[in-house]
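Accompanying notes for the structure given below.
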Amino acid sequence: MEKKIKIEKYNSEWEKTFRCLSSIYQRKLGDLILSVEHVGSTSVKGLSAKPIIDIDIVIKNKYLLPPVIKGLDELGYFHEGDLGIKNREAFARTNQNVPKDNEGTIWMEHHLYVCLQSSEELKRYLIFRDYLRGNIEAVRAYERLKRELARSTNDRETYTQGKGDFIESILKKFQKVND
């Protein structure tokens, strides 16, 4: 049986957790990375979301990927590959104490990716996030859609696909403004 998709009201702990995780990645990876981005619904204040933090570590080029993989491995992550998305590498945790912080912290669920600075997927995530951060009407509409989808399906792929048209409409608005 598939696990029910759970949408929770916005929780300020999501941002605090992201900042703690980001600090660990920055200390471990240092100059190998350009930035650590909080993306996805948990990155938008006031937006209800699945309680899973999406994180993109941004690197300048593919030559930096091997030492980044090594550093993340030392923190307890394992490299899953690009999972079909060009210039974005996925990482999974070996257990709830990852990343290892020498304090035995149990971290909330999160998805970790390493993206090349030139990644189109990264650009899309940042555009969508930034649009929502500045548009409360879009946040409300997106939240209604997400709740409706969560009520109508337990299948994560169907849920994700159901958000596609809304996301694409936002990205097209941005593209028109910048053409």
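Letters for chains follow the order of the structure tokens (A, B, ...), residue numbers begin at 1 for each chain, and ligand numbers begin at 1 in the order shown.
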| query | Do you know which residues are at most 9 Å from Ile170 in chain A counting only C-alpha atoms, after dropping those on the same chain fewer than 5 positions away, and could you put them as a list in words? | reply |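 Skipping anything fewer than 5 positions along the chain leaves Ile127, Phe128, Tyr131, Leu132, Ala138, Asp165 and Gln175 of chain A.
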| task | Give me the residues within 8 Å of Arg133 in chain A as a ChimeraX atom specification, counting only C-alpha atoms and dropping any in the same chain fewer than 4 places off. | result | /A:44-45,129,139
| What's the 12 Å shell around Gln161 in chain A, counting only C-alpha atoms, without same-chain residues fewer than 4 positions away, as a list in words? | Leu145, Lys146, Leu149, Ala150, Thr153, Asp155, Arg156, Glu157, Asp165, Phe166, Ile167 and Glu168 of chain A
| query | Suppose you want the space between CA of Ile53 in chain A and CA of Met108 in chain A; what is it in Å? | reply |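 Distance reported for this atom pair: 7.9 Å.
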I'd like a table as CSV: residues in range 55-148 of chain A with an atom no more than 12 Å from range 3-9 of chain A, each row giving the shortest atom pair and its distance in Å to one decimal, only C-alpha atoms counted, sorted by chain and rising residue number.
```
residue,atom,partner,partner_atom,distance
A:Arg140,CA,A:Lys9,CA,12.0
A:Glu143,CA,A:Ile7,CA,9.1
A:Arg144,CA,A:Ile7,CA,10.7
A:Leu145,CA,A:Ile7,CA,11.2
A:Lys146,CA,A:Ile7,CA,7.8
A:Arg147,CA,A:Ile7,CA,6.7
A:Glu148,CA,A:Ile7,CA,10.2
```
Could the residues in this selection be saved with N, CA, C and O atoms as a PDB file, in the first residue's frame?
```
ATOM      1  N   ARG A 140      -1.156  30.853  -2.588  1.00  0.00           N
ATOM      2  CA  ARG A 140      -2.476  30.315  -2.217  1.00  0.00           C
ATOM      3  C   ARG A 140      -3.000  29.343  -3.266  1.00  0.00           C
ATOM      4  O   ARG A 140      -3.536  28.288  -2.934  1.00  0.00           O
ATOM      5  N   GLU A 143      -0.968  26.117  -3.164  1.00  0.00           N
ATOM      6  CA  GLU A 143      -1.330  25.333  -1.984  1.00  0.00           C
ATOM      7  C   GLU A 143      -2.663  24.617  -2.182  1.00  0.00           C
ATOM      8  O   GLU A 143      -2.797  23.440  -1.843  1.00  0.00           O
ATOM      9  N   ARG A 144      -3.653  25.320  -2.743  1.00  0.00           N
ATOM     10  CA  ARG A 144      -4.955  24.672  -3.014  1.00  0.00           C
ATOM     11  C   ARG A 144      -4.764  23.476  -3.939  1.00  0.00           C
ATOM     12  O   ARG A 144      -5.319  22.402  -3.710  1.00  0.00           O
ATOM     13  N   LEU A 145      -3.982  23.653  -4.993  1.00  0.00           N
ATOM     14  CA  LEU A 145      -3.718  22.570  -5.940  1.00  0.00           C
ATOM     15  C   LEU A 145      -3.042  21.395  -5.244  1.00  0.00           C
ATOM     16  O   LEU A 145      -3.446  20.236  -5.422  1.00  0.00           O
ATOM     17  N   LYS A 146      -2.029  21.674  -4.459  1.00  0.00           N
ATOM     18  CA  LYS A 146      -1.298  20.600  -3.771  1.00  0.00           C
ATOM     19  C   LYS A 146      -2.214  19.825  -2.827  1.00  0.00           C
ATOM     20  O   LYS A 146      -2.158  18.597  -2.774  1.00  0.00           O
ATOM     21  N   ARG A 147      -3.052  20.516  -2.085  1.00  0.00           N
ATOM     22  CA  ARG A 147      -3.970  19.840  -1.159  1.00  0.00           C
ATOM     23  C   ARG A 147      -4.985  18.988  -1.918  1.00  0.00           C
ATOM     24  O   ARG A 147      -5.300  17.874  -1.510  1.00  0.00           O
ATOM     25  N   GLU A 148      -5.483  19.524  -3.025  1.00  0.00           N
ATOM     26  CA  GLU A 148      -6.434  18.774  -3.849  1.00  0.00           C
ATOM     27  C   GLU A 148      -5.779  17.500  -4.401  1.00  0.00           C
ATOM     28  O   GLU A 148      -6.370  16.416  -4.357  1.00  0.00           O
TER      29      GLU A 148
END
```
| Shortest interatomic distance to Ser118 in chain A - which of A:Val39, A:Cys20, A:Ala141, A:Ile59, counting only C-alpha atoms |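 The closest residue to Ser118 in chain A is A:Ile59.
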| field | Distance of CA of Ala92 in chain A from CA of Leu112 in chain A, expressed in Å to one decimal place | value |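 For CA of Leu112 in chain A relative to CA of Ala92 in chain A, the distance reads 6.9 Å.
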| request: From a DSSP pass on the backbone, collect the residues of range 57-144 of chain A flagged as strand (DSSP E or B) and hand them back as number ranges by chain. | output: A: 57-59, 77-81, 88-93, 110-116
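Take the candidates A:Leu65, A:Val36, A:Leu122, A:Leu83 and check each one against Ser22 in chain A using only C-alpha atoms; the shortest distance goes to A:Val36.
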List the spatial neighbours of Asp54 in chain A as a short mmCIF file (atom, residue, chain, number, x, y, z; two decimals) with N, CA, C and O atoms, in the first residue's frame - criterion: any atom at most 10 Å away, only C-alpha atoms, same-chain residues fewer than 6 positions off excluded.
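Produced file result12.cif, reproduced below:
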```cif
data_model
loop_
_atom_site.label_atom_id
_atom_site.label_comp_id
_atom_site.auth_asym_id
_atom_site.auth_seq_id
_atom_site.Cartn_x
_atom_site.Cartn_y
_atom_site.Cartn_z
N PHE A 18 17.11 23.84 7.33
CA PHE A 18 17.89 24.09 6.12
C PHE A 18 19.18 24.84 6.46
O PHE A 18 20.25 24.50 5.97
N GLU A 37 21.28 26.06 -1.96
CA GLU A 37 19.96 26.66 -2.19
C GLU A 37 18.86 25.82 -1.57
O GLU A 37 18.81 24.60 -1.77
N HIS A 38 17.97 26.49 -0.84
CA HIS A 38 16.76 25.86 -0.31
C HIS A 38 15.70 26.04 -1.38
O HIS A 38 15.30 27.17 -1.68
N VAL A 39 15.27 24.95 -2.00
CA VAL A 39 14.29 25.01 -3.08
C VAL A 39 13.08 24.16 -2.68
O VAL A 39 13.08 23.52 -1.64
N GLY A 40 12.08 24.15 -3.52
CA GLY A 40 10.89 23.37 -3.21
C GLY A 40 9.97 24.14 -2.26
O GLY A 40 10.28 25.23 -1.79
N SER A 41 8.84 23.56 -1.96
CA SER A 41 7.79 24.25 -1.21
C SER A 41 8.20 24.64 0.21
O SER A 41 7.73 25.66 0.72
N THR A 42 9.07 23.88 0.85
CA THR A 42 9.46 24.24 2.22
C THR A 42 10.29 25.52 2.26
O THR A 42 10.51 26.09 3.32
N SER A 43 10.73 26.00 1.10
CA SER A 43 11.54 27.21 1.04
C SER A 43 10.70 28.48 0.91
O SER A 43 11.25 29.58 0.89
N GLU A 109 13.50 14.56 7.08
CA GLU A 109 13.69 14.06 5.72
C GLU A 109 14.08 15.21 4.80
O GLU A 109 13.55 16.33 4.90
N HIS A 110 15.05 14.94 3.93
CA HIS A 110 15.45 15.93 2.94
C HIS A 110 16.00 15.24 1.70
O HIS A 110 16.45 14.11 1.76
N HIS A 111 15.87 15.95 0.59
CA HIS A 111 16.42 15.49 -0.69
C HIS A 111 17.60 16.39 -1.02
O HIS A 111 17.48 17.62 -0.97
N LEU A 112 18.72 15.78 -1.37
CA LEU A 112 19.93 16.53 -1.64
C LEU A 112 20.39 16.29 -3.08
O LEU A 112 20.46 15.14 -3.53
N TYR A 113 20.69 17.39 -3.75
CA TYR A 113 21.18 17.33 -5.12
C TYR A 113 22.40 18.23 -5.25
O TYR A 113 22.53 19.23 -4.54
#
```
| DSSP-assigned helix (DSSP H, G or I) members of range 11-175 of chain A, reported as a PyMOL selection string | chain A and resi 12-32+41-43+62-75+120-133+136-152+156-175
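Between CA of Leu21 in chain A and CA of Pro99 in chain A lies a distance of 7.7 Å.
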| message | List the spatial neighbours of Glu121 in chain A as a list of chain:residue names - criterion: any atom at most 12 Å away, only C-alpha atoms, same-chain residues fewer than 4 positions off excluded. | response |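 My list of contacting residues is A:Val39, A:Asp56, A:Val58, A:Asp82, A:Gly84, A:Ile85, A:Lys86, A:Asn87, A:Arg88, A:Glu89, A:Tyr113, A:Val114, A:Cys115, A:Leu116, A:Gln117, A:Tyr125, A:Leu126, A:Ile127, A:Phe128, A:Leu171.
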Would you mind exporting the chosen residues as an mmCIF file, in the first residue's frame, restricted to C-alpha atoms?
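The resulting file, again03.cif, is shown below:
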```
data_model
loop_
_atom_site.group_PDB
_atom_site.id
_atom_site.type_symbol
_atom_site.label_atom_id
_atom_site.label_comp_id
_atom_site.auth_asym_id
_atom_site.auth_seq_id
_atom_site.Cartn_x
_atom_site.Cartn_y
_atom_site.Cartn_z
ATOM 1 C CA VAL A 39 14.290 25.009 -3.082
ATOM 2 C CA ASP A 56 20.570 22.045 -4.201
ATOM 3 C CA VAL A 58 25.621 24.460 -6.639
ATOM 4 C CA ASP A 82 21.624 12.001 -12.256
ATOM 5 C CA GLY A 84 17.716 11.205 -15.767
ATOM 6 C CA ILE A 85 18.151 14.948 -15.126
ATOM 7 C CA LYS A 86 21.154 16.490 -16.854
ATOM 8 C CA ASN A 87 23.627 18.445 -14.684
ATOM 9 C CA ARG A 88 21.908 17.442 -11.416
ATOM 10 C CA GLU A 89 23.228 14.610 -9.263
ATOM 11 C CA TYR A 113 21.175 17.334 -5.124
ATOM 12 C CA VAL A 114 24.409 18.727 -6.524
ATOM 13 C CA CYS A 115 23.802 20.914 -9.564
ATOM 14 C CA LEU A 116 26.124 22.503 -12.049
ATOM 15 C CA GLN A 117 25.758 26.270 -12.101
ATOM 16 C CA TYR A 125 13.661 25.665 -9.384
ATOM 17 C CA LEU A 126 15.081 29.075 -8.489
ATOM 18 C CA ILE A 127 12.722 30.972 -10.804
ATOM 19 C CA PHE A 128 9.683 29.142 -9.429
ATOM 20 C CA LEU A 171 7.861 29.631 -15.714
#
```
| Among listed residues A:Glu13, A:Glu137, A:Ser35, A:Ser152, nearest Lys60 in chain A (using only C-alpha atoms) |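 Ranked by minimum distance to Lys60 in chain A, first place goes to A:Ser35.
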| said: Measuring between only C-alpha atoms, which one of A:Arg124, A:Phe78, A:Ser48, A:Leu29 shows the shortest distance to Lys172 in chain A? | reply: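 Of A:Arg124, A:Phe78, A:Ser48, A:Leu29, the one nearest Lys172 in chain A, counting only C-alpha atoms, is A:Arg124.
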